[in-house]
file query11.tsv (TSV, C-alpha atoms)
chain	number	residue	atom	x	y	z
A	65	MET	CA	0.00	0.00	0.00
A	66	VAL	CA	1.33	3.44	-0.99
A	67	VAL	CA	0.93	6.06	1.74
A	68	ARG	CA	0.73	9.45	0.05
A	69	ASN	CA	2.74	12.18	1.76
A	70	VAL	CA	0.06	14.84	2.16
A	71	THR	CA	2.46	17.32	3.75
A	72	ALA	CA	4.84	17.10	0.77
A	73	ILE	CA	1.92	17.42	-1.66
A	74	LYS	CA	0.73	20.57	0.11
A	75	ILE	CA	4.21	22.13	0.01
A	76	LEU	CA	4.64	21.36	-3.70
A	77	ASP	CA	1.14	22.65	-4.38
A	78	GLN	CA	2.07	26.11	-3.10
A	79	SER	CA	4.18	26.74	-6.22
A	80	PHE	CA	1.25	25.91	-8.51
A	81	ILE	CA	0.99	27.79	-11.81
A	82	TYR	CA	-1.88	26.90	-14.16
A	83	SER	CA	-0.59	25.06	-17.24
A	84	SER	CA	-1.69	22.84	-20.10
A	85	ASP	CA	-1.25	19.81	-17.81
A	86	ASP	CA	-4.02	21.13	-15.58
A	87	ALA	CA	-6.28	21.63	-18.58
A	88	LEU	CA	-5.50	18.09	-19.76
A	89	ALA	CA	-6.25	16.52	-16.37
A	90	GLY	CA	-9.45	18.55	-16.04
A	91	SER	CA	-10.63	17.65	-19.52
A	92	MET	CA	-9.93	13.93	-19.03
A	93	VAL	CA	-12.06	13.68	-15.89
A	94	SER	CA	-14.72	15.98	-17.40
A	95	VAL	CA	-15.08	13.68	-20.42
A	96	GLU	CA	-15.22	10.60	-18.17
A	97	CYS	CA	-17.95	12.15	-16.05
A	98	PHE	CA	-19.92	13.44	-19.05
A	99	ILE	CA	-20.03	9.98	-20.63
A	100	GLY	CA	-20.63	8.28	-17.28
A	101	PHE	CA	-23.47	10.66	-16.39
A	102	TRP	CA	-25.50	9.83	-19.49
A	103	MET	CA	-24.77	6.10	-19.22
A	104	LEU	CA	-25.86	6.05	-15.56
A	105	PHE	CA	-28.91	8.13	-16.45
A	106	ALA	CA	-29.80	5.59	-19.16
A	107	VAL	CA	-29.61	2.75	-16.62
A	108	VAL	CA	-31.94	4.59	-14.22
A	109	VAL	CA	-34.47	5.32	-16.99
A	110	GLY	CA	-34.18	1.75	-18.28
A	111	CYS	CA	-34.92	0.30	-14.84
A	112	HIS	CA	-38.16	2.32	-14.84
A	113	ARG	CA	-39.13	1.42	-18.41
A	114	ILE	CA	-38.10	-2.25	-18.75
A	115	PRO	CA	-40.72	-4.63	-17.24
A	116	ALA	CA	-38.10	-7.20	-16.17
A	117	MET	CA	-36.33	-4.53	-14.08
A	118	ARG	CA	-39.42	-3.59	-12.08
A	119	SER	CA	-38.29	-5.87	-9.29
A	120	PRO	CA	-36.41	-5.65	-5.97
A	121	PHE	CA	-33.12	-5.97	-7.84
A	122	GLY	CA	-34.20	-3.20	-10.22
A	123	ILE	CA	-34.99	-0.88	-7.31
A	124	LEU	CA	-31.56	-1.55	-5.81
A	125	MET	CA	-29.96	-0.89	-9.19
A	126	ILE	CA	-31.75	2.46	-9.39
A	127	ASN	CA	-30.45	3.38	-5.93
A	128	GLN	CA	-26.90	2.35	-6.77
A	129	ASN	CA	-26.84	4.20	-10.09
A	130	ILE	CA	-28.41	7.35	-8.64
A	131	THR	CA	-25.69	7.36	-5.98
A	132	GLN	CA	-23.01	7.13	-8.65
A	133	LEU	CA	-24.88	9.69	-10.75
A	134	ILE	CA	-24.63	12.23	-7.91
A	135	ALA	CA	-20.94	11.44	-7.35
A	136	CYS	CA	-20.29	11.69	-11.09
A	137	LEU	CA	-22.05	15.06	-11.35
A	138	THR	CA	-20.19	16.42	-8.31
A	139	SER	CA	-16.76	15.34	-9.51
A	140	GLY	CA	-17.40	16.30	-13.13
A	141	SER	CA	-18.60	19.78	-12.15
A	142	PHE	CA	-15.51	20.42	-10.05
A	143	PHE	CA	-12.99	19.19	-12.61
A	144	PHE	CA	-14.69	21.06	-15.44
A	145	LEU	CA	-15.19	24.37	-13.63
A	146	GLY	CA	-12.26	24.29	-11.22
A	147	VAL	CA	-9.50	22.34	-12.96
A	148	LEU	CA	-10.20	22.82	-16.67
A	149	LEU	CA	-11.54	26.39	-16.56
A	150	ASN	CA	-9.52	27.36	-13.44
A	151	ILE	CA	-12.42	29.22	-11.79
A	152	LYS	CA	-11.02	30.43	-8.47
A	153	VAL	CA	-14.25	30.45	-6.46
A	154	VAL	CA	-14.69	26.73	-7.20
A	155	LEU	CA	-11.10	25.91	-6.28
A	156	ASP	CA	-11.31	27.96	-3.07
A	157	HIS	CA	-14.29	25.87	-1.93
A	158	SER	CA	-12.95	22.47	-3.00
A	159	ASN	CA	-13.55	21.12	0.51
A	160	TYR	CA	-17.31	21.18	-0.11
A	161	PHE	CA	-16.88	18.99	-3.18
A	162	GLY	CA	-14.35	16.72	-1.46
A	163	ASN	CA	-16.31	16.26	1.75
A	164	PHE	CA	-19.56	15.59	-0.11
A	165	THR	CA	-17.92	13.07	-2.43
A	166	ILE	CA	-16.25	11.19	0.43
A	167	CYS	CA	-19.65	10.98	2.15
A	168	LEU	CA	-20.99	9.17	-0.93
A	169	LEU	CA	-18.29	6.47	-0.86
A	170	PRO	CA	-19.85	4.30	1.89
A	171	VAL	CA	-23.25	4.77	0.22
A	172	VAL	CA	-21.83	3.34	-3.01
A	173	ILE	CA	-20.22	0.42	-1.15
A	174	GLY	CA	-23.43	-0.21	0.80
A	175	SER	CA	-25.45	-0.15	-2.43
A	176	PHE	CA	-23.17	-2.74	-4.03
A	177	PHE	CA	-23.50	-4.88	-0.90
A	178	LEU	CA	-27.31	-4.73	-1.02
A	179	MET	CA	-27.29	-5.81	-4.67
A	180	SER	CA	-24.95	-8.72	-3.91
A	181	LEU	CA	-27.02	-9.74	-0.88
A	182	ASN	CA	-30.17	-9.57	-3.01
A	183	ARG	CA	-28.77	-11.98	-5.60
A	184	PHE	CA	-27.47	-14.32	-2.88
A	185	CYS	CA	-30.84	-14.44	-1.11
A	186	ALA	CA	-32.68	-14.89	-4.41
A	187	SER	CA	-30.64	-18.03	-5.11
A	188	THR	CA	-30.61	-19.53	-1.59
A	189	MET	CA	-33.82	-18.35	0.10
A	190	VAL	CA	-36.41	-18.93	-2.58
A	191	PHE	CA	-39.46	-18.98	-0.30
A	192	THR	CA	-38.48	-16.08	2.00
A	193	TYR	CA	-36.78	-13.89	-0.60
A	194	LYS	CA	-39.86	-11.80	-1.38
A	195	THR	CA	-40.44	-11.19	2.32
A	196	ILE	CA	-36.85	-10.13	3.00
A	197	PHE	CA	-36.73	-7.90	-0.07
A	198	SER	CA	-40.24	-6.53	0.00
A	199	ASN	CA	-40.66	-2.96	-1.24
A	200	GLU	CA	-41.02	-1.72	2.33
A	201	ASN	CA	-37.86	-3.49	3.51
A	202	ILE	CA	-35.90	-2.26	0.50
A	203	ARG	CA	-36.85	1.31	1.36
A	204	ARG	CA	-35.64	0.69	4.92
A	205	PHE	CA	-32.34	-0.75	3.68
A	206	ILE	CA	-31.75	2.20	1.36
A	207	ILE	CA	-32.70	4.84	3.96
A	208	PHE	CA	-30.46	3.19	6.56
A	209	ASN	CA	-27.55	3.03	4.11
A	210	TRP	CA	-27.82	6.74	3.29
A	211	ALA	CA	-28.51	7.85	6.87
A	212	PHE	CA	-25.72	5.80	8.46
A	213	SER	CA	-23.17	6.93	5.86
A	214	GLY	CA	-24.20	10.58	6.25
A	215	VAL	CA	-24.07	10.53	10.04
A	216	PHE	CA	-20.75	8.66	10.10
A	217	TRP	CA	-18.96	11.03	7.74
A	218	ALA	CA	-20.53	14.10	9.35
A	219	TRP	CA	-18.96	12.87	12.59
A	220	VAL	CA	-15.62	12.24	10.82
A	221	ILE	CA	-15.53	15.67	9.17
A	222	LEU	CA	-16.89	17.75	12.04
A	223	SER	CA	-15.63	15.93	15.14
A	224	ARG	CA	-12.38	14.43	13.88
A	225	GLU	CA	-11.16	17.48	11.93
A	226	CYS	CA	-11.01	15.64	8.61
A	227	ASN	CA	-11.27	18.06	5.70
A	228	PHE	CA	-10.90	16.76	2.15
A	229	VAL	CA	-9.56	19.38	-0.24
A	230	PHE	CA	-8.16	19.46	-3.77
A	231	PHE	CA	-4.46	19.73	-4.58
A	232	HIS	CA	-3.25	20.63	-8.06
A	233	TYR	CA	-0.11	18.58	-7.47
A	234	GLY	CA	-1.47	15.22	-8.60
A	235	TRP	CA	-4.98	16.63	-9.18
A	236	ILE	CA	-6.12	14.72	-6.13
A	237	PHE	CA	-8.67	15.10	-3.34
A	238	THR	CA	-7.17	14.17	0.01
A	239	GLY	CA	-7.00	15.31	3.60
A	240	ASP	CA	-5.81	18.85	4.30
A	241	VAL	CA	-2.76	17.57	6.23
A	242	TYR	CA	-4.41	14.96	8.43
A	243	THR	CA	-4.47	15.37	12.18
A	244	GLU	CA	-3.26	12.29	13.99
A	245	ILE	CA	-6.82	11.34	14.95
A	246	CYS	CA	-8.08	11.79	11.41
A	247	ARG	CA	-5.16	9.90	9.83
A	248	ASP	CA	-5.64	6.87	12.08
A	249	LEU	CA	-9.37	6.90	11.43
A	250	ILE	CA	-8.97	7.05	7.64
A	251	ILE	CA	-6.37	4.27	7.63
A	252	THR	CA	-8.65	2.11	9.79
A	253	TYR	CA	-11.60	2.77	7.50
A	254	ASN	CA	-9.63	1.97	4.33
A	255	THR	CA	-7.93	-1.17	5.64
A	256	VAL	CA	-10.71	-2.61	7.81
A	257	VAL	CA	-14.17	-1.37	6.84
A	258	GLN	CA	-13.76	-0.84	3.09
A	259	LEU	CA	-11.56	-3.90	2.55
A	260	THR	CA	-13.90	-6.08	4.62
A	261	MET	CA	-16.99	-4.88	2.76
A	262	THR	CA	-15.50	-5.29	-0.71
A	263	SER	CA	-14.19	-8.75	0.20
A	264	LEU	CA	-17.61	-9.76	1.55
A	265	ILE	CA	-19.26	-8.49	-1.64
A	266	PHE	CA	-16.85	-10.56	-3.71
A	267	VAL	CA	-17.47	-13.70	-1.62
A	268	LEU	CA	-21.26	-13.28	-1.90
A	269	ASP	CA	-21.02	-12.81	-5.67
A	270	VAL	CA	-18.85	-15.89	-6.18
A	271	ALA	CA	-21.08	-17.99	-3.90
A	272	THR	CA	-24.18	-16.84	-5.77
A	273	LEU	CA	-22.71	-17.69	-9.16
A	274	CYS	CA	-21.59	-21.13	-7.93
A	275	ILE	CA	-25.08	-21.84	-6.59
A	276	LEU	CA	-26.68	-20.77	-9.86
A	277	VAL	CA	-24.31	-22.86	-11.95
A	278	CYS	CA	-24.36	-26.00	-9.77
A	279	GLY	CA	-27.80	-26.14	-8.18
A	280	ARG	CA	-30.11	-23.73	-9.92
A	281	GLY	CA	-31.72	-26.43	-12.06
A	282	ARG	CA	-32.89	-28.36	-8.99
A	283	VAL	CA	-34.12	-25.34	-7.05
A	284	TYR	CA	-35.82	-23.54	-9.94
A	285	LYS	CA	-36.77	-26.43	-12.17
A	286	LYS	CA	-40.30	-25.01	-12.55
A	287	GLN	CA	-39.04	-21.65	-13.82
A	288	SER	CA	-38.82	-20.91	-17.53
A	289	ALA	CA	-35.51	-20.88	-19.35
A	290	SER	CA	-35.79	-17.11	-19.86
A	291	VAL	CA	-36.14	-16.52	-16.11
A	292	ARG	CA	-33.14	-18.73	-15.33
A	293	LYS	CA	-31.12	-16.94	-18.00
A	294	ARG	CA	-32.07	-13.55	-16.56
A	295	GLU	CA	-31.04	-14.65	-13.07
A	296	MET	CA	-27.66	-15.75	-14.41
A	297	SER	CA	-27.27	-12.39	-16.16
A	298	PHE	CA	-28.05	-10.52	-12.94
A	299	ALA	CA	-25.58	-12.62	-10.97
A	300	GLY	CA	-22.88	-12.21	-13.61
A	301	GLN	CA	-23.44	-8.46	-13.70
A	302	VAL	CA	-23.09	-8.10	-9.94
A	303	LEU	CA	-20.01	-10.36	-9.87
A	304	ILE	CA	-18.17	-8.39	-12.57
A	305	GLN	CA	-19.11	-5.07	-10.95
A	306	GLY	CA	-17.80	-6.39	-7.64
A	307	ILE	CA	-14.53	-7.53	-9.23
A	308	VAL	CA	-14.06	-4.15	-10.93
A	309	PHE	CA	-14.74	-2.31	-7.67
A	310	PHE	CA	-12.35	-4.61	-5.75
A	311	MET	CA	-9.60	-4.22	-8.37
A	312	HIS	CA	-10.03	-0.45	-8.32
A	313	GLY	CA	-9.34	-0.45	-4.57
A	314	PHE	CA	-6.24	-2.54	-5.20
A	315	TRP	CA	-5.11	-0.19	-7.99
A	316	TYR	CA	-5.78	2.86	-5.80
A	317	ASP	CA	-3.39	1.51	-3.15
A	318	MET	CA	-0.78	-0.26	-5.27
A	319	GLY	CA	-0.93	1.22	-8.77
A	320	TYR	CA	1.48	4.07	-8.00
A	321	SER	CA	4.46	1.70	-7.79
A	322	TRP	CA	3.53	0.01	-11.10
A	323	LEU	CA	3.29	3.10	-13.29
A	324	PRO	CA	6.42	3.99	-15.29
A	325	GLY	CA	8.04	7.42	-15.31
A	326	ASN	CA	9.15	9.86	-12.64
A	327	ASP	CA	6.36	12.44	-12.73
A	328	GLU	CA	4.57	11.86	-9.43
A	329	ARG	CA	1.69	14.15	-10.41
A	330	TRP	CA	0.41	11.84	-13.13
A	331	LYS	CA	1.00	8.75	-10.98
A	332	TYR	CA	-1.20	10.25	-8.29
A	333	PHE	CA	-3.78	11.31	-10.88
A	334	PHE	CA	-4.13	7.98	-12.70
A	335	THR	CA	-4.38	5.98	-9.47
A	336	THR	CA	-6.91	8.30	-7.80
A	337	SER	CA	-9.06	10.86	-9.62
A	338	PHE	CA	-8.90	9.32	-13.09
A	339	SER	CA	-9.49	5.70	-12.07
A	340	SER	CA	-12.21	6.57	-9.54
A	341	ASN	CA	-14.23	8.48	-12.12
A	342	LEU	CA	-13.65	5.79	-14.73
A	343	LEU	CA	-15.89	3.55	-12.60
A	344	HIS	CA	-18.81	5.79	-13.59
A	345	THR	CA	-18.51	4.49	-17.15
A	346	PHE	CA	-17.52	0.88	-16.36
A	347	ASP	CA	-20.50	0.09	-14.11
A	348	PRO	CA	-23.28	1.07	-16.55
A	349	LEU	CA	-21.33	-0.53	-19.39
A	350	ILE	CA	-21.39	-3.83	-17.47
A	351	VAL	CA	-25.16	-3.45	-17.04
A	352	PHE	CA	-25.60	-3.04	-20.81
A	353	LEU	CA	-23.33	-5.99	-21.60
A	354	PHE	CA	-24.95	-8.43	-19.17
A	355	ASN	CA	-28.61	-7.52	-19.65
A	356	PRO	CA	-30.15	-8.22	-23.07
A	357	GLU	CA	-33.29	-6.34	-21.92
A	358	PHE	CA	-31.25	-3.14	-21.75
A	359	ARG	CA	-29.72	-3.71	-25.17
A	360	ARG	CA	-33.14	-4.34	-26.74
A	361	TRP	CA	-34.55	-1.27	-25.00
A	362	ILE	CA	-31.74	0.93	-26.32
A	363	ILE	CA	-32.22	-0.43	-29.86
A	364	ARG	CA	-35.98	0.20	-29.69
A	365	PHE	CA	-35.34	3.70	-28.37
A	366	HIS	CA	-32.99	4.52	-31.25
A	367	HIS	CA	-35.39	3.04	-33.81
A	368	SER	CA	-38.33	5.05	-32.46
A	369	ALA	CA	-36.23	8.23	-32.38
A	370	PHE	CA	-35.06	7.61	-35.96
A	371	LYS	CA	-38.62	7.03	-37.19
A	372	LYS	CA	-39.81	10.15	-35.39
A	373	ASN	CA	-37.10	12.19	-37.11
A	374	GLN	CA	-38.09	10.71	-40.46
A	375	VAL	CA	-41.75	11.62	-39.93
A	376	THR	CA	-40.76	15.13	-38.87
A	377	ALA	CA	-38.57	15.54	-41.96
A	378	VAL	CA	-41.30	14.27	-44.30
A	379	SER	CA	-43.87	16.57	-42.68
A	380	ALA	CA	-41.53	19.53	-43.07
A	381	ILE	CA	-40.93	18.74	-46.75
A	382	SER	CA	-44.67	18.26	-47.42
A	383	SER	CA	-45.53	21.59	-45.85
call {"tool": "encode", "arguments": {"input": "query11.tsv", "output": "structure tokens"}}
result
Amino acid sequence: MVVRNVTAIKILDQSFIYSSDDALAGSMVSVECFIGFWMLFAVVVGCHRIPAMRSPFGILMINQNITQLIACLTSGSFFFLGVLLNIKVVLDHSNYFGNFTICLLPVVIGSFFLMSLNRFCASTMVFTYKTIFSNENIRRFIIFNWAFSGVFWAWVILSRECNFVFFHYGWIFTGDVYTEICRDLIITYNTVVQLTMTSLIFVLDVATLCILVCGRGRVYKKQSASVRKREMSFAGQVLIQGIVFFMHGFWYDMGYSWLPGNDERWKYFFTTSFSSNLLHTFDPLIVFLFNPEFRRWIIRFHHSAFKKNQVTAVSAISS
């Protein structure tokens, strides 16, 4: 694990002069977030429109993608306005963006956990699944996830003097020179809570897929082939998303030592801001790849839009 020297970063940041490198870093994250925003938005709309997604798993997908949508919008706005355009008022208040984004991290992890738990229960608790994941219980799970994460990070930021600000050196959000209490708390959270949760998500996903592959035919022998295929798609989607999220955490901690070159700024950037925001495009892409319902919905949407444009053009010519 690479421990970033925040004090050294702050000292080097004091000699900052806006350059083309800042514009490049800002534009890269802005493009990531722009693409990710519309892909995440498409997933949310698709979950509302596609009949097969009007289910407990679909509701959890909406929650997870809305969480990432908010994080994507927050990060994209800052990097576009503050880093690319170098608007001072945005840069001077980077702590608001940093603190809000860090508050969303446990919400994202909790949302992934709920999706993994949903698939595990659907494959192992056939008769009690609908009771556990009733609409009312899902609302409780989601509210608890948001409330607990908000209260926890409010306590961290306000009571433990943790303030997450932006540094141009490395184009990174990190603590504004951690106090000893804050540093120990962040290290504990990263190495214990986050690692434990991501590992548990991975274990649940692998167990679910093994159950579906080995025993699904006996448990769900009365279900149609299309239903079984959809369940496998859901499980595969959650597993791949979990692997990507787990590998991102590994890259965040270890990637610095693997990157070539001596420019620490870009090493910090590609292992933190760039890779974190790249998840906003990977996750919805996995949804599209693993769910044929989404692909068919997108194709129908494009066909209907194309026909509408044709009718409009013909009407304009006729008039």
call {"tool": "residues_around", "arguments": {"input": "query11.tsv", "residues": "Tyr332 in chain A", "least_positions_apart": "6", "cutoff": "8 Å", "atoms": "only C-alpha atoms", "output": "ChimeraX atom specification"}}
result
/A:234-236,320
call {"tool": "residues_around", "arguments": {"input": "query11.tsv", "residues": "Phe212 in chain A", "least_positions_apart": "5", "cutoff": "9 Å", "atoms": "all atoms listed in the file", "output": "ChimeraX atom specification"}}
result
/A:170-171,207,217
call {"tool": "atom_distance", "arguments": {"input": "query11.tsv", "atom1": "CA of Thr336 in chain A", "atom2": "CA of Tyr316 in chain A"}}
result
5.9 Å
call {"tool": "closest_residue", "arguments": {"input": "query11.tsv", "among": "A:Leu148, A:Val257, A:Ile126, A:Val172", "to": "Ser94 in chain A", "atoms": "only C-alpha atoms"}}
result
A:Leu148
call {"tool": "closest_residue", "arguments": {"input": "query11.tsv", "among": "A:Leu76, A:Ile123, A:Val154, A:Ile130", "to": "Val229 in chain A", "atoms": "all atoms listed in the file"}}
result
A:Val154
call {"tool": "atom_distance", "arguments": {"input": "query11.tsv", "atom1": "CA of Leu137 in chain A", "atom2": "CA of Asn201 in chain A"}}
result
28.5 Å
call {"tool": "residues_around", "arguments": {"input": "query11.tsv", "residues": "Gly239 in chain A", "least_positions_apart": "3", "cutoff": "8 Å", "atoms": "all atoms listed in the file", "output": "PyMOL selection string"}}
result
chain A and resi 70+226-229+242
call {"tool": "write_last_selection", "arguments": {"input": "query11.tsv", "atoms": "C-alpha atoms", "output": "PDB file, in the frame of the given file"}}
result
ATOM      1  CA  VAL A  70       0.060  14.840   2.160  1.00  0.00           C
ATOM      2  CA  CYS A 226     -11.010  15.640   8.610  1.00  0.00           C
ATOM      3  CA  ASN A 227     -11.270  18.060   5.700  1.00  0.00           C
ATOM      4  CA  PHE A 228     -10.900  16.760   2.150  1.00  0.00           C
ATOM      5  CA  VAL A 229      -9.560  19.380  -0.240  1.00  0.00           C
ATOM      6  CA  TYR A 242      -4.410  14.960   8.430  1.00  0.00           C
TER       7      TYR A 242
END
call {"tool": "closest_residue", "arguments": {"input": "query11.tsv", "among": "A:Phe310, A:Phe346, A:Phe365, A:Phe164", "to": "Asp269 in chain A", "atoms": "only C-alpha atoms"}}
result
A:Phe310
call {"tool": "closest_residue", "arguments": {"input": "query11.tsv", "among": "A:Ile350, A:Leu178, A:Leu342, A:Met318", "to": "Phe121 in chain A", "atoms": "only C-alpha atoms"}}
result
A:Leu178
call {"tool": "closest_residue", "arguments": {"input": "query11.tsv", "among": "A:Phe352, A:Phe231, A:Phe298, A:Trp361", "to": "Ile73 in chain A", "atoms": "all atoms listed in the file"}}
result
A:Phe231
call {"tool": "residues_near_point", "arguments": {"input": "query11.tsv", "point": "(1.0, 23.5, -15.2)", "cutoff": "12 Å", "atoms": "all atoms listed in the file", "output": "list in words"}}
result
Asp77, Ser79, Phe80, Ile81, Tyr82, Ser83, Ser84, Asp85, Asp86, Ala87, Leu88, Ala89, Gly90, Val147, Leu148, Asn150, His232, Tyr233, Gly234, Trp235, Arg329 and Trp330 of chain A
call {"tool": "build_atoms", "arguments": {"input": "query11.tsv", "residues": "range 311-329 of chain A", "atoms": "N, CA and C atoms", "output": "mmCIF file, in the coordinates of the input"}}
result
data_model
loop_
_atom_site.group_PDB
_atom_site.id
_atom_site.type_symbol
_atom_site.label_atom_id
_atom_site.label_comp_id
_atom_site.auth_asym_id
_atom_site.auth_seq_id
_atom_site.Cartn_x
_atom_site.Cartn_y
_atom_site.Cartn_z
ATOM 1 N N MET A 311 -10.869 -4.481 -7.686
ATOM 2 C CA MET A 311 -9.600 -4.220 -8.370
ATOM 3 C C MET A 311 -9.262 -2.735 -8.360
ATOM 4 N N HIS A 312 -10.299 -1.890 -8.403
ATOM 5 C CA HIS A 312 -10.030 -0.450 -8.320
ATOM 6 C C HIS A 312 -9.407 -0.095 -6.974
ATOM 7 N N GLY A 313 -9.925 -0.686 -5.888
ATOM 8 C CA GLY A 313 -9.340 -0.450 -4.570
ATOM 9 C C GLY A 313 -7.890 -0.896 -4.515
ATOM 10 N N PHE A 314 -7.608 -2.031 -5.150
ATOM 11 C CA PHE A 314 -6.240 -2.540 -5.200
ATOM 12 C C PHE A 314 -5.347 -1.596 -6.009
ATOM 13 N N TRP A 315 -5.860 -1.125 -7.148
ATOM 14 C CA TRP A 315 -5.110 -0.190 -7.990
ATOM 15 C C TRP A 315 -4.873 1.136 -7.276
ATOM 16 N N TYR A 316 -5.876 1.602 -6.532
ATOM 17 C CA TYR A 316 -5.780 2.860 -5.800
ATOM 18 C C TYR A 316 -4.617 2.818 -4.802
ATOM 19 N N ASP A 317 -4.441 1.654 -4.163
ATOM 20 C CA ASP A 317 -3.390 1.510 -3.150
ATOM 21 C C ASP A 317 -2.035 1.133 -3.720
ATOM 22 N N MET A 318 -2.030 0.309 -4.792
ATOM 23 C CA MET A 318 -0.780 -0.260 -5.270
ATOM 24 C C MET A 318 -0.334 0.235 -6.636
ATOM 25 N N GLY A 319 -1.240 0.862 -7.388
ATOM 26 C CA GLY A 319 -0.930 1.220 -8.770
ATOM 27 C C GLY A 319 0.218 2.206 -8.923
ATOM 28 N N TYR A 320 0.427 3.046 -7.928
ATOM 29 C CA TYR A 320 1.480 4.070 -8.000
ATOM 30 C C TYR A 320 2.840 3.440 -8.296
ATOM 31 N N SER A 321 3.140 2.331 -7.637
ATOM 32 C CA SER A 321 4.460 1.700 -7.790
ATOM 33 C C SER A 321 4.589 0.967 -9.125
ATOM 34 N N TRP A 322 3.479 0.738 -9.826
ATOM 35 C CA TRP A 322 3.530 0.010 -11.100
ATOM 36 C C TRP A 322 3.665 0.939 -12.300
ATOM 37 N N LEU A 323 3.264 2.187 -12.150
ATOM 38 C CA LEU A 323 3.290 3.100 -13.290
ATOM 39 C C LEU A 323 4.712 3.529 -13.616
ATOM 40 N N PRO A 324 5.062 3.568 -14.906
ATOM 41 C CA PRO A 324 6.420 3.990 -15.290
ATOM 42 C C PRO A 324 6.553 5.515 -15.217
ATOM 43 N N GLY A 325 7.784 5.986 -15.300
ATOM 44 C CA GLY A 325 8.040 7.420 -15.310
ATOM 45 C C GLY A 325 8.326 7.969 -13.925
ATOM 46 N N ASN A 326 8.761 9.223 -13.896
ATOM 47 C CA ASN A 326 9.150 9.860 -12.640
ATOM 48 C C ASN A 326 8.240 11.012 -12.232
ATOM 49 N N ASP A 327 7.257 11.329 -13.050
ATOM 50 C CA ASP A 327 6.360 12.440 -12.730
ATOM 51 C C ASP A 327 5.306 11.973 -11.742
ATOM 52 N N GLU A 328 5.480 12.324 -10.475
ATOM 53 C CA GLU A 328 4.570 11.860 -9.430
ATOM 54 C C GLU A 328 3.149 12.392 -9.623
ATOM 55 N N ARG A 329 3.020 13.561 -10.241
ATOM 56 C CA ARG A 329 1.690 14.150 -10.410
ATOM 57 C C ARG A 329 0.764 13.219 -11.177
#
